[in-house]
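Heads up, the thing below is written out as structure tokens.
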Amino acid sequence: MKRAAVAWLFFVLIALVAFYEALKLPFGRTNAPGAGFFPAVLAALLAVVALAGLIAALRAGGKQEGEDSRLVWKKIILTVTALLAFAFIFEYVGYLVTTFLFVAFLLRIVERKSWAQTGAVALSASLVSYIIFGLLLGAPLPAGFLLI
Amino acid sequence: METLANLGLGFSVVLQPTNLLFCFIGVLVGTFIGVLPGLGPIAAIALLLPLTFKMAPAAAIIMLAGIYYGAMYGGSTTSILVNIPGEAASVVTCLDGYQMARQGRAGPALGIAALGSFIAGTVGLIGLMFFAPLLGAFALGFGPPEYFAITFLGLTLVSYLSRGPILKALLMAVLGLLMGTIGTDPISGHERFTYGSLTLGDGLGLVPIAMGLFGVAEILDNLGKSLRGDVYEREIKGLLPSLNDWKDSIWPIVRGSVVGFFIGILPGPSGAMSSFASYAIEKRLSRHPEKFGKGAIEGVAGPESANNSATAGAFIPLLSLGFPSNIVMALFIGALLIHGVQPGPLFMKNYPELFWGVVASMYVGNAMLLILNLPLIGIWVRLLRVPYVILYPLILLFCLIGVYSINNNIVEIFIMVSAGVAGLVLRRLGFDGAPFLLALVLGPMMESSLRQALLISRGSFAIFFTRPVSGVLMILAMAFLLTALVPVLKSKREKLAAEMGE
């Protein structure tokens with residue numbers, strides 16, 4: 001099936017799930033709408049729009065909609081992994097180490113920069129951002145088990 | 001006379017050293033963001049929003065406003081020198097600006113862009129000073145039906161004006177509204193779609209979603225693409241446009257300022273739209289339209305002026321109705337609400353020092369920008385030579401820390417990353433994030449006005465059509481929807497027909 005049609009189908013499914021979930025909330029009456037009123041109406045509307053899109057996409061024939069330039073998937077997956085890893089370890093490992101590792105990972109592993117450049121940029125990034133956020137702006141930044 | 005006294009009050013606010021400093025930081029960051037390709041004012045303001053929570057409200061708004069109109073200045077630099085628009089509002093400037101640079105006229109192009117922006121910024125401000133109080137006074141009589149109609153029309157317009165097929169924009173808008181209902185229902189207190197998550201109990205945060213969709217997604221999208229065009233290496237000289245340049249540009253600047261201002265008031269991507277509109281107008285009015293696209297200075301002067309006065313126009317619905325006409329304005333609402341300041345018809349009356357302080361700060365900021373962008377242009381050109389490969393890890397890092405620092409909540413980082421991945425996929429499939437984000441913000445406002453209106457009318461939907469203001473707005477919105485949906489069917493049919501013919 002075409003990519004565009006898959007996306008529209010996905011939205012139809014989202015709409016149906018949301019509608020089902022919204023019906024569990026008190027709907028109220030139109031003269032006193034409850035918590036479920038607006039979400040249920042929206043979910044129904046979403047289903048209608050998504051179905052219309054699905055039909056249009058299926059009838060549009062073999063031509064794909066949307067941009068189709070090739071993505072560098074490997075880089076994207078690595079970067080997203082780095083972002084998620086940051087979130088997982090940030091509070092345990094602490095600010096300075098995590099930020100250093102994050103920038104270093106992107107520069108060394110994703111972009112294949114030299115060790116020297118990686119080290120210099122990552123070190124200054126983590127120190128400068130610490131000074132800006134932690135010291136100047138007083139944001140509470142986690143210290144982690146290394147206490148730095 | 002009263003306006004002058006108010007403006008005096010405004011200047012007394014902005015000339016306080018701290019406010020002056022934040023104004024400067026704002027325009028500096030704005031120019032920076034504008035110059036950098038691949039990071040726009042939305043991501044930048046979302047990024048700095050958490051930092052404003054500890055500032056005085058006036059300083060916060062002055063700084064954020066500075067980022068917004070500063071980005072408009074900076075965007076033109078990248079367009080002219082590298083042929084890559086720094087942000088959406090400068091796309092048109094590439095057409096003639098880059099051609100001028102190739103002909104060795106980068107100086108006058110940058111000069112007229114900055115000076116035109118300054119003039120337009122001032123025109124826009126004068127408009128803001130006069131129209132915002134008028135609309136504010138008018139809006140005092142607005143009740144829930146009017147507010148529902150305004151949000152409805154606003155979302156319709158945003159979808160209508162969004163790029164790509166209208167169905168996709170509508171889908172994003174409805175999805176945004178639906179996801180805006182996540183969290184505790186403000187009227188009944190029911191938990192909706194939270195599944196026990198404390199973070200979701202407060203609703204989906206605007207900042208993580210905005211940064212995900214417009215910061216992280218943008219960067220993921222750019223990974224591996226070469227974002228570096230040829231920076232125009234030759235020394236830039238003669239920033240001051242000649243008398244002849246002025247003769248060619250002065251009317252485009254004036255027209256651009258006026259057109260941009262009024263487009264700015266409308267909901268939607270007003271910066272980009274106003275510059276396109278101005279370019280089209282100038283090309284049509286020109287005695288030598290064939291020069292456009294080949295380095296006509298009018299093609300730089302008009303659009304660059306238009307996108308600047310549009311930023312002033314965009315403040316009108318925000319400050320007088322409490323209605324954000326674009327995502328940047330929605331972030332402003334967030335900044336104001338944190339300080340307990342409710343934008344709306346009473347805003348000017350209750351917070352004159354805030355309103356006039358922001359207005360006056362725009363005068364000051366525009367003057368600062370002129371200095372930042374003309375004599376100091378060399379610094380920004382050098383910035384363009386920093387490889388994107390070095391910049392993007394830093395931008396991502398700032399996004400991560402920025403989101404975390406709002407509530408010290410790791411969950412919000414996950415929300416941002418998810419929004420980033422979703423944004424990347426949607427972008428690739430041709431779905432625009434802007435209607436989604438605006439709907440996410442407007443959702444709660446739309447729902448509460450809808451439910452209140454229905455309570456008032458005892459369940460009759462006629463209330464939206466029988467009251468004059470809301471009736472007109474609803475009919476306008478319906479008209480837009482109809483005209484947008486019919487051509488969809490038409491063009492689809494034509495496409496089919498064309499394919500059959502092949």
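Just remember, in the structure tokens the first chain shown is A, the second B, etc., residues are 1-based per chain, and ligands are 1-based in the order shown.
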
Give me the residues within 12 Å of Ile377 of chain B as an mmCIF file with N, CA and C atoms, in the first residue's frame, counting only C-alpha atoms and dropping any in the same chain fewer than 6 places off.
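Wrote selection_6.cif, looks like this:
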```cif
data_model
loop_
_atom_site.group_PDB
_atom_site.id
_atom_site.type_symbol
_atom_site.label_atom_id
_atom_site.label_comp_id
_atom_site.auth_asym_id
_atom_site.auth_seq_id
_atom_site.Cartn_x
_atom_site.Cartn_y
_atom_site.Cartn_z
ATOM 1 N N THR B 31 18.488 37.715 16.028
ATOM 2 C CA THR B 31 19.311 37.816 14.828
ATOM 3 C C THR B 31 20.088 36.523 14.619
ATOM 4 N N PHE B 32 20.633 36.007 15.709
ATOM 5 C CA PHE B 32 21.404 34.767 15.683
ATOM 6 C C PHE B 32 20.573 33.626 15.097
ATOM 7 N N VAL B 35 19.756 34.132 11.467
ATOM 8 C CA VAL B 35 20.877 33.872 10.568
ATOM 9 C C VAL B 35 21.086 32.367 10.401
ATOM 10 N N TYR B 73 14.938 40.105 10.953
ATOM 11 C CA TYR B 73 16.114 40.788 10.405
ATOM 12 C C TYR B 73 17.162 39.764 9.991
ATOM 13 N N GLY B 74 17.490 38.887 10.926
ATOM 14 C CA GLY B 74 18.567 37.941 10.692
ATOM 15 C C GLY B 74 18.289 37.034 9.513
ATOM 16 N N SER B 76 17.031 37.590 6.747
ATOM 17 C CA SER B 76 17.348 38.150 5.437
ATOM 18 C C SER B 76 18.830 37.983 5.123
ATOM 19 N N THR B 77 19.680 38.036 6.132
ATOM 20 C CA THR B 77 21.120 37.918 5.903
ATOM 21 C C THR B 77 21.452 36.589 5.222
ATOM 22 N N THR B 78 20.915 35.491 5.775
ATOM 23 C CA THR B 78 21.198 34.181 5.195
ATOM 24 C C THR B 78 20.631 34.078 3.789
ATOM 25 N N LEU B 81 22.975 36.196 1.435
ATOM 26 C CA LEU B 81 24.363 35.772 1.278
ATOM 27 C C LEU B 81 24.513 34.308 0.897
ATOM 28 N N ALA B 106 25.711 42.792 -2.652
ATOM 29 C CA ALA B 106 25.248 42.261 -1.373
ATOM 30 C C ALA B 106 25.063 43.379 -0.364
ATOM 31 N N GLY B 107 25.959 44.361 -0.394
ATOM 32 C CA GLY B 107 25.885 45.470 0.553
ATOM 33 C C GLY B 107 24.552 46.194 0.497
ATOM 34 N N LEU B 110 21.645 43.968 1.728
ATOM 35 C CA LEU B 110 21.565 43.861 3.188
ATOM 36 C C LEU B 110 21.116 45.183 3.787
ATOM 37 N N GLY B 111 21.645 46.271 3.225
ATOM 38 C CA GLY B 111 21.311 47.595 3.748
ATOM 39 C C GLY B 111 19.837 47.896 3.602
ATOM 40 N N ALA B 114 17.691 45.847 5.981
ATOM 41 C CA ALA B 114 17.712 46.321 7.369
ATOM 42 C C ALA B 114 16.971 47.646 7.510
ATOM 43 N N GLU B 235 34.371 40.482 0.299
ATOM 44 C CA GLU B 235 34.102 41.498 1.313
ATOM 45 C C GLU B 235 32.848 42.291 0.925
ATOM 46 N N ILE B 236 32.023 42.548 1.936
ATOM 47 C CA ILE B 236 30.798 43.278 1.661
ATOM 48 C C ILE B 236 31.054 44.752 1.865
ATOM 49 N N LYS B 237 30.846 45.521 0.830
ATOM 50 C CA LYS B 237 31.045 46.951 1.024
ATOM 51 C C LYS B 237 29.835 47.733 0.543
ATOM 52 N N GLY B 238 29.793 48.960 0.966
ATOM 53 C CA GLY B 238 28.709 49.840 0.524
ATOM 54 C C GLY B 238 27.364 49.387 1.041
ATOM 55 N N LEU B 239 27.224 49.308 2.378
ATOM 56 C CA LEU B 239 25.957 48.856 2.931
ATOM 57 C C LEU B 239 24.851 49.873 2.726
ATOM 58 N N LEU B 369 18.665 46.728 16.350
ATOM 59 C CA LEU B 369 18.833 45.779 15.252
ATOM 60 C C LEU B 369 19.534 46.415 14.069
ATOM 61 N N LEU B 370 19.240 47.689 13.870
ATOM 62 C CA LEU B 370 19.886 48.390 12.772
ATOM 63 C C LEU B 370 21.394 48.383 12.979
ATOM 64 N N ILE B 371 21.798 48.616 14.226
ATOM 65 C CA ILE B 371 23.229 48.621 14.528
ATOM 66 C C ILE B 371 23.794 47.205 14.419
ATOM 67 N N LEU B 383 29.583 33.697 11.407
ATOM 68 C CA LEU B 383 28.782 32.653 12.046
ATOM 69 C C LEU B 383 28.285 31.650 11.011
ATOM 70 N N LEU B 384 27.979 32.172 9.825
ATOM 71 C CA LEU B 384 27.484 31.297 8.769
ATOM 72 C C LEU B 384 28.535 30.290 8.342
#
```

Skipping near chain neighbours, those fewer than 2 positions away, what residues fall within 9 Å of segment 121-132 of chain A using only C-alpha atoms, listed as a PyMOL selection string?
(chain A and resi 95-105+107+116-119+134-138+141) or (chain B and resi 390+394+397-398+401)

Just to be explicit: take each residue in the selection above, keep N, CA and C atoms, and write the result as a short mmCIF file (atom, residue, chain, number, x, y, z; two decimals), in the first residue's frame.
```
data_model
loop_
_atom_site.label_atom_id
_atom_site.label_comp_id
_atom_site.auth_asym_id
_atom_site.auth_seq_id
_atom_site.Cartn_x
_atom_site.Cartn_y
_atom_site.Cartn_z
N TYR A 95 24.78 16.36 35.31
CA TYR A 95 24.74 17.28 34.21
C TYR A 95 26.00 17.25 33.34
N LEU A 96 27.14 17.50 33.98
CA LEU A 96 28.36 17.71 33.18
C LEU A 96 28.72 16.49 32.35
N VAL A 97 28.67 15.32 32.99
CA VAL A 97 29.07 14.10 32.28
C VAL A 97 28.10 13.80 31.14
N THR A 98 26.79 13.90 31.43
CA THR A 98 25.81 13.55 30.41
C THR A 98 25.92 14.47 29.19
N THR A 99 26.02 15.77 29.45
CA THR A 99 26.08 16.69 28.31
C THR A 99 27.35 16.44 27.51
N PHE A 100 28.46 16.17 28.21
CA PHE A 100 29.70 15.89 27.50
C PHE A 100 29.55 14.66 26.61
N LEU A 101 29.01 13.58 27.21
CA LEU A 101 28.85 12.35 26.45
C LEU A 101 27.93 12.55 25.26
N PHE A 102 26.87 13.31 25.46
CA PHE A 102 25.88 13.52 24.40
C PHE A 102 26.52 14.20 23.19
N VAL A 103 27.17 15.32 23.45
CA VAL A 103 27.79 16.06 22.34
C VAL A 103 28.90 15.23 21.70
N ALA A 104 29.69 14.56 22.56
CA ALA A 104 30.79 13.76 22.03
C ALA A 104 30.27 12.63 21.15
N PHE A 105 29.19 11.98 21.58
CA PHE A 105 28.61 10.89 20.80
C PHE A 105 28.20 11.39 19.41
N LEU A 107 29.19 14.03 17.76
CA LEU A 107 30.30 14.47 16.91
C LEU A 107 31.17 13.30 16.45
N ALA A 116 40.19 15.01 18.66
CA ALA A 116 40.55 16.29 19.24
C ALA A 116 39.40 17.28 19.15
N GLN A 117 38.82 17.37 17.95
CA GLN A 117 37.72 18.32 17.77
C GLN A 117 36.53 17.93 18.64
N THR A 118 36.23 16.61 18.66
CA THR A 118 35.13 16.11 19.49
C THR A 118 35.32 16.52 20.94
N GLY A 119 36.51 16.24 21.46
CA GLY A 119 36.78 16.53 22.87
C GLY A 119 36.65 18.01 23.16
N GLY A 134 23.24 26.74 34.79
CA GLY A 134 23.36 26.43 36.20
C GLY A 134 23.74 27.63 37.04
N LEU A 135 24.75 28.38 36.59
CA LEU A 135 25.25 29.46 37.43
C LEU A 135 24.51 30.77 37.18
N LEU A 136 24.43 31.18 35.89
CA LEU A 136 23.81 32.48 35.61
C LEU A 136 22.30 32.46 35.79
N LEU A 137 21.67 31.40 35.29
CA LEU A 137 20.21 31.36 35.32
C LEU A 137 19.67 30.59 36.51
N GLY A 138 20.57 29.94 37.23
CA GLY A 138 20.16 29.28 38.46
C GLY A 138 19.18 28.13 38.27
N LEU A 141 20.19 21.86 38.25
CA LEU A 141 20.65 20.81 37.36
C LEU A 141 21.10 19.63 38.19
N ILE B 390 28.79 21.03 13.66
CA ILE B 390 29.17 21.44 15.01
C ILE B 390 27.97 22.06 15.72
N LEU B 394 24.86 21.13 19.51
CA LEU B 394 24.69 22.16 20.54
C LEU B 394 23.23 22.59 20.62
N LEU B 397 21.37 19.97 22.39
CA LEU B 397 21.69 20.03 23.82
C LEU B 397 20.86 21.12 24.50
N PHE B 398 20.79 22.27 23.86
CA PHE B 398 20.01 23.36 24.44
C PHE B 398 18.53 23.01 24.52
N ILE B 401 18.16 20.63 27.60
CA ILE B 401 18.25 21.31 28.89
C ILE B 401 17.08 22.26 29.08
#
```

Output as an NGL selection string the set of chain B residues within 8 Å of chain A, with distances taken over only C-alpha atoms.
:B and (51 or 167-168 or 170-171 or 174-175 or 177-178 or 181 or 185 or 187-188 or 190 or 192-193 or 220-221 or 223-224 or 389-390 or 393-394 or 397-398 or 400 or 405 or 408 or 410 or 413-414 or 417 or 421 or 428-430 or 447 or 451 or 454-455 or 457-460 or 492 or 495-496)

Since we have the selection now, will you write its residues out, keeping N, CA and C atoms, as a CSV table (one decimal), in the first residue's frame?
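Everything below was put into part-v1.csv:
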```csv
chain,number,residue,atom,x,y,z
B,51,LEU,N,13.3,30.2,30.8
B,51,LEU,CA,14.2,31.1,31.4
B,51,LEU,C,13.5,32.4,31.9
B,167,LEU,N,-6.9,19.1,3.3
B,167,LEU,CA,-7.3,18.0,4.1
B,167,LEU,C,-6.2,17.7,5.1
B,168,LYS,N,-5.0,17.7,4.7
B,168,LYS,CA,-3.9,17.4,5.7
B,168,LYS,C,-3.8,18.5,6.8
B,170,LEU,N,-6.3,20.4,7.8
B,170,LEU,CA,-7.5,20.2,8.6
B,170,LEU,C,-7.3,19.0,9.6
B,171,LEU,N,-6.7,18.0,9.1
B,171,LEU,CA,-6.5,16.8,10.0
B,171,LEU,C,-5.5,17.2,11.1
B,174,VAL,N,-7.5,19.3,13.7
B,174,VAL,CA,-8.4,18.5,14.5
B,174,VAL,C,-7.6,17.7,15.5
B,175,LEU,N,-6.6,17.1,15.0
B,175,LEU,CA,-5.7,16.3,15.9
B,175,LEU,C,-5.1,17.1,17.0
B,177,LEU,N,-6.5,19.8,18.3
B,177,LEU,CA,-7.6,20.1,19.2
B,177,LEU,C,-7.8,18.9,20.1
B,178,LEU,N,-7.8,17.7,19.5
B,178,LEU,CA,-8.1,16.5,20.3
B,178,LEU,C,-7.0,16.3,21.3
B,181,THR,N,-7.1,18.2,24.5
B,181,THR,CA,-8.1,17.9,25.6
B,181,THR,C,-7.4,16.9,26.6
B,185,ASP,N,-9.9,18.0,32.9
B,185,ASP,CA,-10.9,18.8,32.3
B,185,ASP,C,-11.1,20.0,33.3
B,187,ILE,N,-13.4,22.1,33.6
B,187,ILE,CA,-14.7,22.4,34.1
B,187,ILE,C,-15.2,21.4,35.1
B,188,SER,N,-15.0,20.1,34.8
B,188,SER,CA,-15.5,19.0,35.7
B,188,SER,C,-14.5,18.4,36.5
B,190,HIS,N,-12.5,16.0,35.5
B,190,HIS,CA,-12.2,14.6,35.0
B,190,HIS,C,-10.8,14.5,34.4
B,192,ARG,N,-8.6,13.2,31.5
B,192,ARG,CA,-8.9,12.7,30.2
B,192,ARG,C,-7.6,12.3,29.5
B,193,PHE,N,-7.6,11.1,29.0
B,193,PHE,CA,-6.5,10.5,28.3
B,193,PHE,C,-5.2,10.6,29.0
B,220,LEU,N,16.6,16.7,12.8
B,220,LEU,CA,16.6,15.4,12.3
B,220,LEU,C,16.4,15.4,10.7
B,221,ASP,N,15.5,16.3,10.3
B,221,ASP,CA,15.3,16.4,8.9
B,221,ASP,C,16.5,16.8,8.1
B,223,LEU,N,19.6,16.3,9.0
B,223,LEU,CA,20.8,15.5,9.1
B,223,LEU,C,21.2,14.9,7.8
B,224,GLY,N,22.4,15.1,7.4
B,224,GLY,CA,22.9,14.5,6.2
B,224,GLY,C,22.6,15.3,5.0
B,389,VAL,N,27.4,20.8,11.3
B,389,VAL,CA,27.7,19.6,12.0
B,389,VAL,C,28.1,19.9,13.4
B,390,ILE,N,28.8,21.0,13.7
B,390,ILE,CA,29.2,21.4,15.0
B,390,ILE,C,28.0,22.1,15.7
B,393,PRO,N,24.6,19.5,17.3
B,393,PRO,CA,24.6,18.9,18.6
B,393,PRO,C,24.4,19.9,19.7
B,394,LEU,N,24.9,21.1,19.5
B,394,LEU,CA,24.7,22.2,20.5
B,394,LEU,C,23.2,22.6,20.6
B,397,LEU,N,21.4,20.0,22.4
B,397,LEU,CA,21.7,20.0,23.8
B,397,LEU,C,20.9,21.1,24.5
B,398,PHE,N,20.8,22.3,23.9
B,398,PHE,CA,20.0,23.4,24.4
B,398,PHE,C,18.5,23.0,24.5
B,400,LEU,N,17.3,20.0,25.0
B,400,LEU,CA,17.2,19.0,26.1
B,400,LEU,C,17.2,19.8,27.4
B,405,SER,N,14.5,22.0,32.1
B,405,SER,CA,14.5,23.1,33.2
B,405,SER,C,13.1,23.7,33.4
B,408,ASN,N,11.9,20.4,35.7
B,408,ASN,CA,12.8,19.4,36.1
B,408,ASN,C,12.2,18.0,36.0
B,410,ILE,N,11.9,14.7,33.6
B,410,ILE,CA,12.4,13.9,32.5
B,410,ILE,C,11.4,13.5,31.5
B,413,ILE,N,11.2,15.5,28.5
B,413,ILE,CA,12.2,15.2,27.4
B,413,ILE,C,11.7,14.2,26.5
B,414,PHE,N,11.1,13.1,27.1
B,414,PHE,CA,10.5,12.0,26.2
B,414,PHE,C,9.4,12.6,25.3
B,417,VAL,N,11.1,14.4,22.5
B,417,VAL,CA,11.7,13.5,21.5
B,417,VAL,C,10.7,12.8,20.7
B,421,VAL,N,10.3,13.0,16.6
B,421,VAL,CA,10.2,11.9,15.6
B,421,VAL,C,8.9,12.0,14.9
B,428,ARG,N,7.8,14.6,6.4
B,428,ARG,CA,8.1,13.8,5.2
B,428,ARG,C,6.9,13.5,4.4
B,429,LEU,N,5.8,13.3,5.2
B,429,LEU,CA,4.5,12.9,4.5
B,429,LEU,C,3.7,14.1,4.0
B,430,GLY,N,4.3,15.3,4.3
B,430,GLY,CA,3.6,16.5,3.8
B,430,GLY,C,2.6,17.1,4.7
B,447,GLU,N,-12.8,24.8,23.7
B,447,GLU,CA,-13.7,24.0,24.4
B,447,GLU,C,-14.5,24.7,25.5
B,451,ARG,N,-18.5,25.1,25.5
B,451,ARG,CA,-19.3,24.6,26.6
B,451,ARG,C,-20.1,25.7,27.3
B,454,LEU,N,-22.9,26.9,25.1
B,454,LEU,CA,-24.1,26.0,25.1
B,454,LEU,C,-24.8,26.0,26.4
B,455,LEU,N,-24.2,26.2,27.5
B,455,LEU,CA,-24.9,26.4,28.8
B,455,LEU,C,-25.8,27.6,28.7
B,457,SER,N,-27.0,29.0,26.0
B,457,SER,CA,-28.1,28.9,25.1
B,457,SER,C,-29.0,27.7,25.4
B,458,ARG,N,-28.8,27.0,26.4
B,458,ARG,CA,-29.5,25.8,26.8
B,458,ARG,C,-29.4,24.7,25.6
B,459,GLY,N,-28.2,24.6,25.1
B,459,GLY,CA,-28.0,23.5,24.1
B,459,GLY,C,-28.3,23.9,22.7
B,460,SER,N,-28.6,25.1,22.4
B,460,SER,CA,-28.9,25.5,21.0
B,460,SER,C,-27.7,26.0,20.3
B,492,LYS,N,-8.2,17.2,-7.6
B,492,LYS,CA,-8.0,15.7,-7.6
B,492,LYS,C,-8.5,15.1,-8.9
B,495,LYS,N,-6.2,15.9,-11.7
B,495,LYS,CA,-5.0,15.1,-11.6
B,495,LYS,C,-5.3,13.7,-12.2
B,496,LEU,N,-6.5,13.1,-11.8
B,496,LEU,CA,-6.9,11.8,-12.3
B,496,LEU,C,-7.0,11.9,-13.8
```

Can you tell me, as JSON, numbers by chain, what residues are no more than 8 Å from Thr184 of chain B when counting only C-alpha atoms, ignoring any on the same chain fewer than 4 positions away?
{"B": [189, 190, 191, 192, 201, 202, 203]}

Backbone-only DSSP, helix (DSSP H, G or I) members of segment 12-173 of chain B, as a ChimeraX atom specification
/B:12-14,17-35,41-52,57-82,88-102,106-139,144-161,166-173

As JSON, numbers by chain, please: all residues of segment 141-282 of chain B that backbone DSSP puts in strand (DSSP E or B).
{"B": [183, 184, 191, 192]}

Hey, can you spit out that residue selection with C-alpha atoms as an mmCIF file, in the first residue's frame?
```cif
data_model
loop_
_atom_site.group_PDB
_atom_site.id
_atom_site.type_symbol
_atom_site.label_atom_id
_atom_site.label_comp_id
_atom_site.auth_asym_id
_atom_site.auth_seq_id
_atom_site.Cartn_x
_atom_site.Cartn_y
_atom_site.Cartn_z
ATOM 1 C CA GLY B 183 -5.212 16.416 30.917
ATOM 2 C CA THR B 184 -7.644 17.434 33.609
ATOM 3 C CA GLU B 191 -8.921 13.163 33.957
ATOM 4 C CA ARG B 192 -8.900 12.724 30.195
#
```

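Straight-line separation from atom CA of Met179 of chain B to atom CA of Leu440 of chain B: 6.4 Å.
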
List as a PyMOL selection string the protein and nucleic acid residues near segment 473-483 of chain B, meaning an atom at most 8 Å away when only C-alpha atoms are counted, but skip any in the same chain fewer than 2 places from it.
chain B and resi 149-150+152-153+156-157+160+464-465+469-471+485-487

So that I have them on file, write out the residues from the current selection with N, CA and C atoms, as a JSON list (two decimals), in the first residue's frame.
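What landed in selection09.json:
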```
[["chain", "number", "residue", "atom", "x", "y", "z"],
["B", 149, "ALA", "N", -16.21, 31.54, 18.11],
["B", 149, "ALA", "CA", -16.18, 31.86, 16.68],
["B", 149, "ALA", "C", -14.79, 32.33, 16.26],
["B", 150, "ILE", "N", -14.12, 33.10, 17.14],
["B", 150, "ILE", "CA", -12.78, 33.59, 16.79],
["B", 150, "ILE", "C", -11.81, 32.42, 16.67],
["B", 152, "PHE", "N", -12.55, 29.34, 16.06],
["B", 152, "PHE", "CA", -12.96, 28.53, 14.91],
["B", 152, "PHE", "C", -12.45, 29.16, 13.61],
["B", 153, "LEU", "N", -12.67, 30.46, 13.48],
["B", 153, "LEU", "CA", -12.20, 31.15, 12.27],
["B", 153, "LEU", "C", -10.68, 31.11, 12.20],
["B", 156, "THR", "N", -9.54, 27.73, 11.07],
["B", 156, "THR", "CA", -9.89, 27.53, 9.67],
["B", 156, "THR", "C", -8.91, 28.27, 8.78],
["B", 157, "LEU", "N", -8.63, 29.52, 9.14],
["B", 157, "LEU", "CA", -7.71, 30.33, 8.34],
["B", 157, "LEU", "C", -6.31, 29.71, 8.32],
["B", 160, "TYR", "N", -6.39, 26.85, 6.09],
["B", 160, "TYR", "CA", -6.60, 27.33, 4.72],
["B", 160, "TYR", "C", -5.29, 27.84, 4.13],
["B", 464, "PHE", "N", -24.43, 30.66, 18.10],
["B", 464, "PHE", "CA", -23.22, 31.08, 17.38],
["B", 464, "PHE", "C", -23.55, 31.89, 16.14],
["B", 465, "PHE", "N", -24.80, 31.80, 15.70],
["B", 465, "PHE", "CA", -25.14, 32.48, 14.45],
["B", 465, "PHE", "C", -26.07, 33.67, 14.66],
["B", 469, "VAL", "N", -21.60, 39.48, 15.88],
["B", 469, "VAL", "CA", -20.16, 39.31, 15.66],
["B", 469, "VAL", "C", -19.82, 37.85, 15.42],
["B", 470, "SER", "N", -20.32, 36.98, 16.31],
["B", 470, "SER", "CA", -19.95, 35.58, 16.14],
["B", 470, "SER", "C", -20.59, 35.03, 14.87],
["B", 471, "GLY", "N", -21.78, 35.50, 14.53],
["B", 471, "GLY", "CA", -22.43, 35.05, 13.30],
["B", 471, "GLY", "C", -21.57, 35.34, 12.08],
["B", 485, "LEU", "N", -12.45, 23.31, 0.30],
["B", 485, "LEU", "CA", -12.69, 21.89, 0.07],
["B", 485, "LEU", "C", -13.12, 21.60, -1.35],
["B", 486, "VAL", "N", -13.83, 22.53, -1.96],
["B", 486, "VAL", "CA", -14.26, 22.26, -3.33],
["B", 486, "VAL", "C", -13.08, 22.15, -4.30],
["B", 487, "PRO", "N", -12.13, 23.08, -4.27],
["B", 487, "PRO", "CA", -10.99, 22.93, -5.18],
["B", 487, "PRO", "C", -10.21, 21.64, -4.95]]
```

Ile265 of chain B: which residues within 6 Å, counting only C-alpha atoms, same-chain residues fewer than 2 positions away excluded, as a compact mmCIF listing (two decimals) with N, CA and C atoms, in the first residue's frame?
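Written file, selection30.txt:
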```txt
# COMPACT_ATOMS: atom_id res chain seq x y z
N PHE B 262 -1.39 44.46 7.94
CA PHE B 262 -2.75 43.92 7.96
C PHE B 262 -2.75 42.40 7.84
N ILE B 263 -1.80 41.86 7.08
CA ILE B 263 -1.72 40.40 7.01
C ILE B 263 -1.29 39.85 8.37
N GLY B 313 1.79 43.61 13.64
CA GLY B 313 0.37 43.33 13.46
C GLY B 313 -0.07 42.12 14.26
N ALA B 314 0.81 41.11 14.33
CA ALA B 314 0.46 39.87 15.00
C ALA B 314 0.20 40.07 16.49
```

What's around segment 204-208 of chain B at 7 Å? Count only C-alpha atoms, leave out sequence neighbours fewer than 3 positions away in its own chain, and write the answer as an NGL selection string.
:B and (46 or 180 or 182 or 200 or 211-212 or 403 or 412 or 415-416)

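Remark: for Leu426 of chain B, the closest of the candidate residues A:Phe10, A:Val93, A:Arg108, A:Trp115 is A:Phe10 (distances computed over only C-alpha atoms).
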
Under the rule that only C-alpha atoms are counted, which of B:Asn407, B:Glu146, B:Thr311, B:Gly176 is the nearest residue to Leu450 of chain B?
B:Glu146

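If you look at atom CA of Ser257 of chain B and atom CA of Ser309 of chain B, they are 5.4 Å away from each other.
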
Excluding segment 329-344 of chain B and its own-chain neighbours fewer than 6 positions away, which residues fall within 6 Å of it when counting only C-alpha atoms? Please give them as a PyMOL selection string.
chain B and resi 319-322

Generate a file of the selected residues that holds N, CA and C atoms, formatted as a PDB file, in the first residue's frame.
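Printed below is out.pdb as written:
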```pdb
ATOM      1  N   LEU B 319      -2.826  40.927  22.132  1.00  0.00           N
ATOM      2  CA  LEU B 319      -2.927  41.858  23.241  1.00  0.00           C
ATOM      3  C   LEU B 319      -4.352  42.357  23.441  1.00  0.00           C
ATOM      4  N   SER B 320      -5.160  42.392  22.367  1.00  0.00           N
ATOM      5  CA  SER B 320      -6.490  42.950  22.572  1.00  0.00           C
ATOM      6  C   SER B 320      -7.553  41.868  22.753  1.00  0.00           C
ATOM      7  N   LEU B 321      -7.321  40.660  22.234  1.00  0.00           N
ATOM      8  CA  LEU B 321      -8.330  39.611  22.375  1.00  0.00           C
ATOM      9  C   LEU B 321      -7.838  38.448  23.230  1.00  0.00           C
ATOM     10  N   GLY B 322      -6.529  38.372  23.438  1.00  0.00           N
ATOM     11  CA  GLY B 322      -5.983  37.200  24.091  1.00  0.00           C
ATOM     12  C   GLY B 322      -5.952  36.021  23.140  1.00  0.00           C
TER      13      GLY B 322
END
```
